[in-house]
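A.B. asks: Following this line is input28.pdb, made up of PDB, C-alpha atoms:
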MODEL        1
ATOM      1  CA  MET A  55      -5.452  20.345 -10.162
ATOM      2  CA  LYS A  56      -4.819  18.257  -7.050
ATOM      3  CA  ILE A  57      -1.305  16.934  -6.640
ATOM      4  CA  PHE A  58      -0.374  14.209  -4.150
ATOM      5  CA  TYR A  59       3.152  13.458  -2.978
ATOM      6  CA  PHE A  60       3.547  10.092  -1.262
ATOM      7  CA  GLY A  61       6.157   8.499   0.977
ATOM      8  CA  ARG A  62       9.563  10.145   0.964
ATOM      9  CA  LEU A  63       8.390  12.664  -1.649
ATOM     10  CA  SER A  64       6.053  14.250   0.909
ATOM     11  CA  ASP A  65       9.046  14.938   3.154
ATOM     12  CA  ARG A  66      10.985  16.353   0.225
ATOM     13  CA  VAL A  67       8.209  18.684  -0.931
ATOM     14  CA  GLY A  68       7.151  19.508   2.625
ATOM     15  CA  MET A  69       3.494  18.583   2.081
ATOM     16  CA  ARG A  70       1.313  15.618   1.134
ATOM     17  CA  GLN A  71      -0.932  17.424  -1.283
ATOM     18  CA  GLU A  72      -1.576  20.744  -2.891
ATOM     19  CA  THR A  73      -4.114  22.229  -5.281
ATOM     20  CA  LEU A  74      -2.632  24.329  -8.041
ATOM     21  CA  ALA A  75      -3.803  26.296 -11.047
ATOM     22  CA  LEU A  76      -1.201  25.481 -13.692
ATOM     23  CA  PRO A  77       0.239  28.032 -16.087
ATOM     24  CA  THR A  78      -1.286  27.551 -19.549
ATOM     25  CA  ASN A  79       2.037  26.457 -21.053
ATOM     26  CA  ILE A  80       2.195  23.359 -18.770
ATOM     27  CA  GLU A  81       0.401  20.825 -20.952
ATOM     28  CA  THR A  82       2.212  17.553 -20.283
ATOM     29  CA  LEU A  83       3.315  15.444 -17.321
ATOM     30  CA  PHE A  84       7.012  16.006 -18.003
ATOM     31  CA  ALA A  85       6.480  19.777 -18.222
ATOM     32  CA  LEU A  86       4.583  19.648 -14.918
ATOM     33  CA  LYS A  87       7.365  17.675 -13.205
ATOM     34  CA  SER A  88       9.927  20.174 -14.377
ATOM     35  CA  TRP A  89       7.775  23.113 -13.264
ATOM     36  CA  LEU A  90       7.176  21.567  -9.819
ATOM     37  CA  ASN A  91      10.869  20.773  -9.550
ATOM     38  CA  ASP A  92      11.718  24.469  -9.944
ATOM     39  CA  LYS A  93       8.820  25.660  -7.809
ATOM     40  CA  HIS A  94       9.725  23.454  -4.813
ATOM     41  CA  ASP A  95      13.473  23.174  -5.453
ATOM     42  CA  LEU A  96      13.315  19.367  -5.550
ATOM     43  CA  GLY A  97      16.691  18.623  -7.119
ATOM     44  CA  GLY A  98      15.109  16.308  -9.706
ATOM     45  CA  ALA A  99      13.311  14.142  -7.111
ATOM     46  CA  LEU A 100      10.156  13.842  -9.264
ATOM     47  CA  GLU A 101      12.199  12.937 -12.327
ATOM     48  CA  GLU A 102      13.901   9.902 -10.778
ATOM     49  CA  THR A 103      13.094   6.757 -12.784
ATOM     50  CA  SER A 104      11.755   5.014  -9.662
ATOM     51  CA  ILE A 105       8.958   7.574  -9.277
ATOM     52  CA  LYS A 106       5.668   6.447 -10.808
ATOM     53  CA  SER A 107       2.960   8.872 -11.845
ATOM     54  CA  MET A 108      -0.809   8.435 -11.770
ATOM     55  CA  ILE A 109      -3.168  10.716 -13.664
ATOM     56  CA  ASN A 110      -6.734  10.546 -12.329
ATOM     57  CA  GLN A 111      -5.596   7.421 -10.408
ATOM     58  CA  ASN A 112      -4.380   5.611 -13.545
ATOM     59  CA  LEU A 113      -0.749   4.685 -13.920
ATOM     60  CA  VAL A 114       0.967   6.411 -16.852
ATOM     61  CA  HIS A 115       4.210   5.389 -18.506
ATOM     62  CA  GLY A 116       6.441   8.102 -19.925
ATOM     63  CA  ASP A 117       5.065  11.496 -20.806
ATOM     64  CA  ALA A 118       1.327  12.147 -21.151
ATOM     65  CA  PRO A 119      -0.947  15.091 -21.912
ATOM     66  CA  LEU A 120      -2.674  16.686 -18.930
ATOM     67  CA  THR A 121      -5.950  17.193 -20.784
ATOM     68  CA  GLY A 122      -8.833  16.304 -18.453
ATOM     69  CA  CYS A 123      -6.475  15.782 -15.525
ATOM     70  CA  ILE A 124      -7.940  16.664 -12.160
ATOM     71  CA  GLU A 125      -5.585  14.656  -9.950
ATOM     72  CA  ILE A 126      -1.955  13.592 -10.131
ATOM     73  CA  GLY A 127      -0.163  11.277  -7.745
ATOM     74  CA  PHE A 128       3.605  10.938  -7.566
ATOM     75  CA  LEU A 129       4.524   7.551  -6.085
ATOM     76  CA  PRO A 130       7.972   6.485  -4.890
ATOM     77  CA  PRO A 131       8.598   2.710  -4.624
ATOM     78  CA  VAL A 132       6.081   1.187  -2.230
ATOM     79  CA  GLY A 133       7.227   0.066   1.192
ATOM     80  CA  GLY A 134       5.046  -2.981   1.655
ATOM     81  CA  GLY A 135       2.570  -3.476   4.431
TER      82      GLY A 135
ATOM     83  CA  MET B 162     -13.685  -7.638   1.978
ATOM     84  CA  ILE B 163     -10.987  -5.028   2.467
ATOM     85  CA  ASN B 164     -10.755  -2.763   5.466
ATOM     86  CA  LEU B 165      -8.073  -0.076   5.837
ATOM     87  CA  LEU B 166      -8.253   1.150   9.417
ATOM     88  CA  LYS B 167      -6.830   4.203  11.137
ATOM     89  CA  THR B 168      -7.408   2.676  14.561
ATOM     90  CA  ASN B 169      -6.315  -0.489  16.333
ATOM     91  CA  PHE B 170      -8.297  -3.682  15.787
ATOM     92  CA  ASN B 171      -8.927  -6.884  17.706
ATOM     93  CA  ALA B 172      -7.590  -9.641  15.444
ATOM     94  CA  GLY B 173      -9.160 -12.465  17.464
ATOM     95  CA  ALA B 174     -12.635 -10.906  17.337
ATOM     96  CA  ARG B 175     -12.296 -10.309  13.593
ATOM     97  CA  ILE B 176     -11.234 -13.925  12.976
ATOM     98  CA  ASN B 177     -14.216 -15.166  15.012
ATOM     99  CA  ALA B 178     -16.635 -12.955  13.051
ATOM    100  CA  PHE B 179     -15.109 -14.076   9.741
ATOM    101  CA  THR B 180     -15.413 -17.738  10.785
ATOM    102  CA  LYS B 181     -19.081 -17.285  11.732
ATOM    103  CA  GLN B 182     -20.006 -15.715   8.411
ATOM    104  CA  SER B 183     -18.096 -18.243   6.303
ATOM    105  CA  GLY B 184     -20.989 -20.668   6.252
ATOM    106  CA  ASN B 185     -19.978 -24.245   5.619
ATOM    107  CA  ALA B 186     -16.290 -23.598   4.930
ATOM    108  CA  GLY B 187     -14.279 -26.522   6.223
ATOM    109  CA  ALA B 188     -11.065 -24.504   6.432
ATOM    110  CA  ILE B 189     -10.268 -21.046   7.783
ATOM    111  CA  ALA B 190      -6.680 -19.807   7.564
ATOM    112  CA  SER B 191      -5.593 -16.554   9.151
ATOM    113  CA  PHE B 192      -2.406 -14.560   9.465
ATOM    114  CA  VAL B 193      -1.830 -11.717  11.895
ATOM    115  CA  GLY B 194       1.177  -9.453  11.353
ATOM    116  CA  ARG B 195       2.397  -7.224  14.178
ATOM    117  CA  VAL B 196       4.807  -4.286  14.210
ATOM    118  CA  ARG B 197       8.255  -5.502  15.238
ATOM    119  CA  GLY B 198       9.939  -3.389  17.904
ATOM    120  CA  GLU B 199      13.392  -4.472  16.661
ATOM    121  CA  ASN B 200      14.733  -4.665  20.240
ATOM    122  CA  GLY B 201      13.601  -1.167  21.119
ATOM    123  CA  ASP B 202      14.861   0.524  17.942
ATOM    124  CA  VAL B 203      11.336   0.958  16.536
ATOM    125  CA  ASP B 204       8.633   2.727  18.545
ATOM    126  CA  SER B 205       6.063   2.783  15.764
ATOM    127  CA  LEU B 206       5.398   2.578  12.046
ATOM    128  CA  TYR B 207       3.612   5.178  10.003
ATOM    129  CA  LEU B 208       1.742   3.739   7.031
ATOM    130  CA  GLU B 209       0.424   5.824   4.215
ATOM    131  CA  SER B 210      -1.988   4.658   1.483
ATOM    132  CA  TYR B 211      -3.366   6.240  -1.679
ATOM    133  CA  PRO B 212      -7.109   6.199  -0.908
ATOM    134  CA  ARG B 213      -9.102   4.149  -3.450
ATOM    135  CA  VAL B 214      -5.959   3.239  -5.441
ATOM    136  CA  THR B 215      -4.635   1.078  -2.584
ATOM    137  CA  GLU B 216      -7.991  -0.652  -2.099
ATOM    138  CA  THR B 217      -8.326  -1.269  -5.857
ATOM    139  CA  SER B 218      -4.880  -2.875  -6.032
ATOM    140  CA  ILE B 219      -5.618  -5.134  -3.057
ATOM    141  CA  GLN B 220      -8.919  -6.140  -4.648
ATOM    142  CA  GLU B 221      -7.014  -7.152  -7.795
ATOM    143  CA  ALA B 222      -4.820  -9.418  -5.651
ATOM    144  CA  ILE B 223      -7.938 -10.938  -4.064
ATOM    145  CA  ASN B 224      -9.354 -11.506  -7.563
ATOM    146  CA  ALA B 225      -6.090 -13.225  -8.568
ATOM    147  CA  ALA B 226      -6.344 -15.453  -5.465
ATOM    148  CA  ASN B 227      -9.948 -16.294  -6.330
ATOM    149  CA  ASP B 228      -8.892 -17.246  -9.874
ATOM    150  CA  ARG B 229      -6.204 -19.526  -8.515
ATOM    151  CA  TRP B 230      -7.904 -21.234  -5.587
ATOM    152  CA  ALA B 231     -11.464 -22.204  -4.743
ATOM    153  CA  LEU B 232     -12.128 -19.679  -1.976
ATOM    154  CA  ILE B 233     -15.395 -19.139  -0.180
ATOM    155  CA  ASP B 234     -14.444 -15.807   1.380
ATOM    156  CA  VAL B 235     -11.476 -13.470   1.962
ATOM    157  CA  LEU B 236     -10.943 -10.718   4.522
ATOM    158  CA  ILE B 237      -8.013  -8.300   4.562
ATOM    159  CA  ILE B 238      -7.691  -5.756   7.343
ATOM    160  CA  HIS B 239      -4.709  -3.406   7.146
ATOM    161  CA  ARG B 240      -3.771  -0.579   9.442
ATOM    162  CA  ILE B 241      -2.779   2.832   8.131
ATOM    163  CA  GLY B 242      -1.533   5.837  10.100
ATOM    164  CA  THR B 243       0.600   5.400  13.210
ATOM    165  CA  ILE B 244       0.884   1.880  14.625
ATOM    166  CA  LYS B 245       2.796   1.199  17.827
ATOM    167  CA  ALA B 246       5.309  -1.638  18.136
ATOM    168  CA  GLY B 247       3.552  -4.848  19.133
ATOM    169  CA  ALA B 248       0.188  -3.824  17.693
ATOM    170  CA  PRO B 249      -1.405  -5.768  14.840
ATOM    171  CA  ILE B 250      -0.807  -4.174  11.449
ATOM    172  CA  VAL B 251      -2.463  -6.727   9.168
ATOM    173  CA  LEU B 252      -4.943  -9.585   9.245
ATOM    174  CA  VAL B 253      -5.597 -11.886   6.298
ATOM    175  CA  CYS B 254      -8.363 -14.498   6.588
ATOM    176  CA  THR B 255      -9.265 -17.004   3.889
ATOM    177  CA  ALA B 256     -12.035 -19.576   3.877
ATOM    178  CA  SER B 257     -12.293 -22.615   1.625
ATOM    179  CA  GLU B 258     -13.800 -26.057   1.567
ATOM    180  CA  HIS B 259     -10.466 -27.792   2.204
ATOM    181  CA  ARG B 260      -7.327 -26.557   3.951
ATOM    182  CA  ARG B 261      -4.802 -26.353   1.092
ATOM    183  CA  SER B 262      -6.578 -23.532  -0.749
ATOM    184  CA  ALA B 263      -7.040 -21.495   2.429
ATOM    185  CA  PHE B 264      -3.368 -21.867   3.455
ATOM    186  CA  ALA B 265      -1.994 -21.077   0.000
ATOM    187  CA  ALA B 266      -4.245 -18.084  -0.658
ATOM    188  CA  CYS B 267      -3.445 -16.576   2.743
ATOM    189  CA  ASP B 268       0.294 -16.940   2.053
ATOM    190  CA  PHE B 269      -0.088 -15.532  -1.481
ATOM    191  CA  LEU B 270      -2.036 -12.490  -0.272
ATOM    192  CA  MET B 271       0.497 -11.737   2.462
ATOM    193  CA  ASP B 272       3.361 -11.870  -0.050
ATOM    194  CA  TYR B 273       1.427  -9.454  -2.238
ATOM    195  CA  LEU B 274       0.789  -7.101   0.678
ATOM    196  CA  LYS B 275       4.484  -7.132   1.662
ATOM    197  CA  THR B 276       5.812  -6.209  -1.778
ATOM    198  CA  GLU B 277       3.262  -4.750  -4.166
ATOM    199  CA  ALA B 278       0.428  -3.247  -2.173
ATOM    200  CA  ILE B 279       0.413   0.531  -2.352
ATOM    201  CA  PHE B 280       1.653   1.508   1.078
ATOM    202  CA  TRP B 281       4.553   3.688   2.129
ATOM    203  CA  LYS B 282       6.080   2.849   5.448
ATOM    204  CA  LYS B 283       8.077   5.011   7.818
ATOM    205  CA  GLN B 284       9.908   3.419  10.720
ATOM    206  CA  ILE B 285      10.006   5.691  13.733
ATOM    207  CA  GLY B 286      12.418   5.296  16.649
ATOM    208  CA  GLU B 287      13.396   7.566  19.497
ATOM    209  CA  ASN B 288      15.705   9.664  17.337
ATOM    210  CA  THR B 289      15.118   8.278  13.865
ATOM    211  CA  ALA B 290      12.435   8.294  11.181
ATOM    212  CA  GLU B 291      13.090   6.631   7.852
ATOM    213  CA  TRP B 292      11.038   5.402   4.914
ATOM    214  CA  VAL B 293      11.619   1.690   4.381
ATOM    215  CA  GLU B 294      11.166  -0.595   1.400
ATOM    216  CA  PRO B 295      10.626  -4.370   1.167
ATOM    217  CA  ARG B 296      13.533  -6.698   2.015
ATOM    218  CA  GLN B 297      15.085  -8.928  -0.638
ATOM    219  CA  GLN B 298      13.486 -11.891   1.128
ATOM    220  CA  ASP B 299      10.035 -10.317   0.637
ATOM    221  CA  TYR B 300      10.609 -10.146  -3.144
ATOM    222  CA  GLN B 301      11.882 -13.752  -3.193
ATOM    223  CA  ASP B 302       8.797 -14.880  -1.292
ATOM    224  CA  GLN B 303       6.540 -13.114  -3.752
ATOM    225  CA  ALA B 304       8.361 -14.565  -6.790
ATOM    226  CA  ARG B 305       7.274 -18.064  -5.696
ATOM    227  CA  TRP B 306       3.790 -17.365  -7.073
ATOM    228  CA  LYS B 307       4.814 -16.302 -10.597
TER     229      LYS B 307
ENDMDL
END
Represent the structure from my file as structure tokens, please.
C.D. replies:
Amino acid sequence: MKIFYFGRLSDRVGMRQETLALPTNIETLFALKSWLNDKHDLGGALEETSIKSMINQNLVHGDAPLTGCIEIGFLPPVGGG
Amino acid sequence: MINLLKTNFNAGARINAFTKQSGNAGAIASFVGRVRGENGDVDSLYLESYPRVTETSIQEAINAANDRWALIDVLIIHRIGTIKAGAPIVLVCTASEHRRSAFAACDFLMDYLKTEAIFWKKQIGENTAEWVEPRQQDYQDQARWK
């Protein structure tokens, strides 16, 4: 699964994107956020309410299953052009 | 048409080309935004997009403009990557039969780009680099269209 970190999140994680094979017990977006939080020591940065999530480039609200997910984007508030 | 560019562009040449291809449009409005140097505090901006998602969201704004005004053509060019102070960062061109639609749609699209378009922006100075978000004024400007 491809994971993209945008804006200030890329500084926090130390990369813009990574490709990961998830453990089989990570089946939902919230579980993934928590797992990534521990893996990268993010101090809850992905779980802030201002962070939006896109699964396969579609915005999701709340938790969601990761079935069929090939790409996730974590988006902090946009900065404007 | 939407163009996200990693390299500098010549706004004047793009406006001329847009004007030529806009057929019998009686009105062409254009807006060029440049990176403000903030009296030497800002050397450059770094703009990040989410490829395809950013373009799709801008296209939705163009569709909304087309629903609202009778437009003949629209062009949006936006820089991504590193843009030096003074360089153009955005160009919006609109063409319509009469001036009011072209003016309004250009203004509307710029307000969208400043607040809702999917860009992340880092301001880089000699010893600073910080991610910035829209100003309150930008949100107020955008609220005029709701």
A.B. asks: Chain A near chain B within 6 Å: what's each residue's closest atom pair and its distance in Å to one decimal, counting all atoms listed in the file, ordered by chain then ascending residue number, as JSON lines?
C.D. replies:
{"residue": "A:Gly61", "atom": "CA", "partner": "B:Trp281", "partner_atom": "CA", "distance": 5.2}
{"residue": "A:Val132", "atom": "CA", "partner": "B:Trp281", "partner_atom": "CA", "distance": 5.3}
{"residue": "A:Gly133", "atom": "CA", "partner": "B:Glu294", "partner_atom": "CA", "distance": 4.0}
{"residue": "A:Gly134", "atom": "CA", "partner": "B:Lys275", "partner_atom": "CA", "distance": 4.2}
{"residue": "A:Gly135", "atom": "CA", "partner": "B:Lys275", "partner_atom": "CA", "distance": 5.0}
A.B. asks: For the file shown, what are the residues hit by the PyMOL selection byres ((chain A and resi 102) around 12), laid out as a list in words?
C.D. replies: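 Applied to this file, the PyMOL selection byres ((chain A and resi 102) around 12) returns Leu63, Phe84, Lys87, Ser88, Asn91, Leu96, Gly97, Gly98, Ala99, Leu100, Glu101, Thr103, Ser104, Ile105, Lys106, Ser107, Gly116, Phe128, Leu129, Pro130 and Pro131 of chain A.
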A.B. asks: Next, write the just-selected residues to a file, as a CSV table (one decimal), keeping the file's coordinate frame, keeping C-alpha atoms as the atom set.
C.D. replies:
chain,number,residue,atom,x,y,z
A,63,LEU,CA,8.4,12.7,-1.6
A,84,PHE,CA,7.0,16.0,-18.0
A,87,LYS,CA,7.4,17.7,-13.2
A,88,SER,CA,9.9,20.2,-14.4
A,91,ASN,CA,10.9,20.8,-9.6
A,96,LEU,CA,13.3,19.4,-5.6
A,97,GLY,CA,16.7,18.6,-7.1
A,98,GLY,CA,15.1,16.3,-9.7
A,99,ALA,CA,13.3,14.1,-7.1
A,100,LEU,CA,10.2,13.8,-9.3
A,101,GLU,CA,12.2,12.9,-12.3
A,103,THR,CA,13.1,6.8,-12.8
A,104,SER,CA,11.8,5.0,-9.7
A,105,ILE,CA,9.0,7.6,-9.3
A,106,LYS,CA,5.7,6.4,-10.8
A,107,SER,CA,3.0,8.9,-11.8
A,116,GLY,CA,6.4,8.1,-19.9
A,128,PHE,CA,3.6,10.9,-7.6
A,129,LEU,CA,4.5,7.6,-6.1
A,130,PRO,CA,8.0,6.5,-4.9
A,131,PRO,CA,8.6,2.7,-4.6
A.B. asks: Would you please work out which residue, of B:Thr243, B:Ser183, B:Thr255, B:Asn169, is nearest to Asp268 in chain B when using all atoms listed in the file?
C.D. replies: B:Thr255
A.B. asks: Find the residues near Ile233 in chain B: any atom within 12 Å, counting all atoms listed in the file, skip ones fewer than 6 places away on the same chain, and give them as a PDB file with C-alpha atoms, in the coordinates of the input.
C.D. replies:
ATOM      1  CA  MET B 162     -13.685  -7.638   1.978  1.00  0.00           C
ATOM      2  CA  PHE B 179     -15.109 -14.076   9.741  1.00  0.00           C
ATOM      3  CA  THR B 180     -15.413 -17.738  10.785  1.00  0.00           C
ATOM      4  CA  GLN B 182     -20.006 -15.715   8.411  1.00  0.00           C
ATOM      5  CA  SER B 183     -18.096 -18.243   6.303  1.00  0.00           C
ATOM      6  CA  GLY B 184     -20.989 -20.668   6.252  1.00  0.00           C
ATOM      7  CA  ASN B 185     -19.978 -24.245   5.619  1.00  0.00           C
ATOM      8  CA  ALA B 186     -16.290 -23.598   4.930  1.00  0.00           C
ATOM      9  CA  GLY B 187     -14.279 -26.522   6.223  1.00  0.00           C
ATOM     10  CA  ALA B 188     -11.065 -24.504   6.432  1.00  0.00           C
ATOM     11  CA  ILE B 189     -10.268 -21.046   7.783  1.00  0.00           C
ATOM     12  CA  ALA B 190      -6.680 -19.807   7.564  1.00  0.00           C
ATOM     13  CA  ILE B 223      -7.938 -10.938  -4.064  1.00  0.00           C
ATOM     14  CA  ALA B 226      -6.344 -15.453  -5.465  1.00  0.00           C
ATOM     15  CA  ASN B 227      -9.948 -16.294  -6.330  1.00  0.00           C
ATOM     16  CA  CYS B 254      -8.363 -14.498   6.588  1.00  0.00           C
ATOM     17  CA  THR B 255      -9.265 -17.004   3.889  1.00  0.00           C
ATOM     18  CA  ALA B 256     -12.035 -19.576   3.877  1.00  0.00           C
ATOM     19  CA  SER B 257     -12.293 -22.615   1.625  1.00  0.00           C
ATOM     20  CA  GLU B 258     -13.800 -26.057   1.567  1.00  0.00           C
ATOM     21  CA  HIS B 259     -10.466 -27.792   2.204  1.00  0.00           C
ATOM     22  CA  ARG B 260      -7.327 -26.557   3.951  1.00  0.00           C
ATOM     23  CA  SER B 262      -6.578 -23.532  -0.749  1.00  0.00           C
ATOM     24  CA  ALA B 263      -7.040 -21.495   2.429  1.00  0.00           C
ATOM     25  CA  ALA B 266      -4.245 -18.084  -0.658  1.00  0.00           C
TER      26      ALA B 266
END
A.B. asks: Applied to the shown file, which residues does the PyMOL selection byres ((chain A and resi 68-78) around 7) return, written as an MDAnalysis selection string?
C.D. replies: chainID A and resid 55:60 64:67 79:80
A.B. asks: At what distance in Å, to one decimal, does CA of Phe264 in chain B lie from CA of Lys181 in chain B?
C.D. replies: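 For CA of Lys181 in chain B relative to CA of Phe264 in chain B, the distance reads 18.3 Å.
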A.B. asks: With all atoms listed in the file as the basis for distance, which of B:Ile237, B:Ala222, B:Val203, B:Cys267 is at the shortest distance from Ala290 in chain B?
C.D. replies: B:Val203
A.B. asks: Between CA of Gly127 in chain A and CA of Ile238 in chain B, measure the distance and give it in Å to one decimal.
C.D. replies: 24.0 Å
A.B. asks: Between CA of Ala174 in chain B and CA of Phe192 in chain B, what is the distance, to one decimal in Å?
C.D. replies: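 That distance, rounded to one decimal, is 13.4 Å.
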A.B. asks: Return as a PDB file with C-alpha atoms, keeping the file's coordinate frame the set of residues that the PyMOL selection byres ((chain B and resi 244) around 7) yields on the displayed structure.
C.D. replies:
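Saved to result-v7.pdb:
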ATOM      1  CA  SER B 205       6.063   2.783  15.764  1.00  0.00           C
ATOM      2  CA  LEU B 206       5.398   2.578  12.046  1.00  0.00           C
ATOM      3  CA  TYR B 207       3.612   5.178  10.003  1.00  0.00           C
ATOM      4  CA  GLY B 242      -1.533   5.837  10.100  1.00  0.00           C
ATOM      5  CA  THR B 243       0.600   5.400  13.210  1.00  0.00           C
ATOM      6  CA  LYS B 245       2.796   1.199  17.827  1.00  0.00           C
ATOM      7  CA  ALA B 246       5.309  -1.638  18.136  1.00  0.00           C
ATOM      8  CA  ALA B 248       0.188  -3.824  17.693  1.00  0.00           C
TER       9      ALA B 248
END
A.B. asks: Could range 213-233 of chain B be completed with N, CA and C atoms and returned as a PDB file, in the frame of the given file?
C.D. replies:
ATOM      1  N   ARG B 213      -8.442   4.770  -2.279  1.00  0.00           N
ATOM      2  CA  ARG B 213      -9.102   4.149  -3.450  1.00  0.00           C
ATOM      3  C   ARG B 213      -8.099   3.370  -4.307  1.00  0.00           C
ATOM      4  N   VAL B 214      -6.943   3.951  -4.601  1.00  0.00           N
ATOM      5  CA  VAL B 214      -5.959   3.239  -5.441  1.00  0.00           C
ATOM      6  C   VAL B 214      -5.435   2.014  -4.680  1.00  0.00           C
ATOM      7  N   THR B 215      -5.140   2.192  -3.396  1.00  0.00           N
ATOM      8  CA  THR B 215      -4.635   1.078  -2.584  1.00  0.00           C
ATOM      9  C   THR B 215      -5.684  -0.035  -2.488  1.00  0.00           C
ATOM     10  N   GLU B 216      -6.925   0.349  -2.224  1.00  0.00           N
ATOM     11  CA  GLU B 216      -7.991  -0.652  -2.099  1.00  0.00           C
ATOM     12  C   GLU B 216      -8.187  -1.395  -3.431  1.00  0.00           C
ATOM     13  N   THR B 217      -8.146  -0.645  -4.546  1.00  0.00           N
ATOM     14  CA  THR B 217      -8.326  -1.269  -5.857  1.00  0.00           C
ATOM     15  C   THR B 217      -7.231  -2.294  -6.123  1.00  0.00           C
ATOM     16  N   SER B 218      -5.994  -1.955  -5.767  1.00  0.00           N
ATOM     17  CA  SER B 218      -4.880  -2.875  -6.032  1.00  0.00           C
ATOM     18  C   SER B 218      -4.992  -4.128  -5.165  1.00  0.00           C
ATOM     19  N   ILE B 219      -5.447  -3.958  -3.927  1.00  0.00           N
ATOM     20  CA  ILE B 219      -5.618  -5.134  -3.057  1.00  0.00           C
ATOM     21  C   ILE B 219      -6.759  -6.010  -3.587  1.00  0.00           C
ATOM     22  N   GLN B 220      -7.810  -5.367  -4.089  1.00  0.00           N
ATOM     23  CA  GLN B 220      -8.919  -6.140  -4.648  1.00  0.00           C
ATOM     24  C   GLN B 220      -8.447  -6.964  -5.847  1.00  0.00           C
ATOM     25  N   GLU B 221      -7.547  -6.397  -6.650  1.00  0.00           N
ATOM     26  CA  GLU B 221      -7.014  -7.152  -7.795  1.00  0.00           C
ATOM     27  C   GLU B 221      -6.262  -8.389  -7.318  1.00  0.00           C
ATOM     28  N   ALA B 222      -5.540  -8.258  -6.201  1.00  0.00           N
ATOM     29  CA  ALA B 222      -4.820  -9.418  -5.651  1.00  0.00           C
ATOM     30  C   ALA B 222      -5.815 -10.465  -5.139  1.00  0.00           C
ATOM     31  N   ILE B 223      -6.908  -9.992  -4.530  1.00  0.00           N
ATOM     32  CA  ILE B 223      -7.938 -10.938  -4.064  1.00  0.00           C
ATOM     33  C   ILE B 223      -8.565 -11.638  -5.273  1.00  0.00           C
ATOM     34  N   ASN B 224      -8.801 -10.896  -6.346  1.00  0.00           N
ATOM     35  CA  ASN B 224      -9.354 -11.506  -7.563  1.00  0.00           C
ATOM     36  C   ASN B 224      -8.400 -12.575  -8.104  1.00  0.00           C
ATOM     37  N   ALA B 225      -7.088 -12.256  -8.082  1.00  0.00           N
ATOM     38  CA  ALA B 225      -6.090 -13.225  -8.568  1.00  0.00           C
ATOM     39  C   ALA B 225      -6.109 -14.480  -7.699  1.00  0.00           C
ATOM     40  N   ALA B 226      -6.282 -14.302  -6.380  1.00  0.00           N
ATOM     41  CA  ALA B 226      -6.344 -15.453  -5.465  1.00  0.00           C
ATOM     42  C   ALA B 226      -7.596 -16.286  -5.758  1.00  0.00           C
ATOM     43  N   ASN B 227      -8.695 -15.577  -6.018  1.00  0.00           N
ATOM     44  CA  ASN B 227      -9.948 -16.294  -6.330  1.00  0.00           C
ATOM     45  C   ASN B 227      -9.846 -17.074  -7.638  1.00  0.00           C
ATOM     46  N   ASP B 228      -9.078 -16.531  -8.604  1.00  0.00           N
ATOM     47  CA  ASP B 228      -8.892 -17.246  -9.874  1.00  0.00           C
ATOM     48  C   ASP B 228      -8.073 -18.520  -9.664  1.00  0.00           C
ATOM     49  N   ARG B 229      -7.174 -18.456  -8.686  1.00  0.00           N
ATOM     50  CA  ARG B 229      -6.204 -19.526  -8.515  1.00  0.00           C
ATOM     51  C   ARG B 229      -6.680 -20.642  -7.586  1.00  0.00           C
ATOM     52  N   TRP B 230      -7.444 -20.252  -6.573  1.00  0.00           N
ATOM     53  CA  TRP B 230      -7.904 -21.234  -5.587  1.00  0.00           C
ATOM     54  C   TRP B 230      -9.413 -21.118  -5.402  1.00  0.00           C
ATOM     55  N   ALA B 231     -10.014 -22.206  -4.979  1.00  0.00           N
ATOM     56  CA  ALA B 231     -11.464 -22.204  -4.743  1.00  0.00           C
ATOM     57  C   ALA B 231     -11.724 -21.650  -3.343  1.00  0.00           C
ATOM     58  N   LEU B 232     -11.941 -20.334  -3.268  1.00  0.00           N
ATOM     59  CA  LEU B 232     -12.128 -19.679  -1.976  1.00  0.00           C
ATOM     60  C   LEU B 232     -13.598 -19.353  -1.755  1.00  0.00           C
ATOM     61  N   ILE B 233     -14.016 -19.483  -0.526  1.00  0.00           N
ATOM     62  CA  ILE B 233     -15.395 -19.139  -0.180  1.00  0.00           C
ATOM     63  C   ILE B 233     -15.469 -17.676   0.232  1.00  0.00           C
TER      64      ILE B 233
END
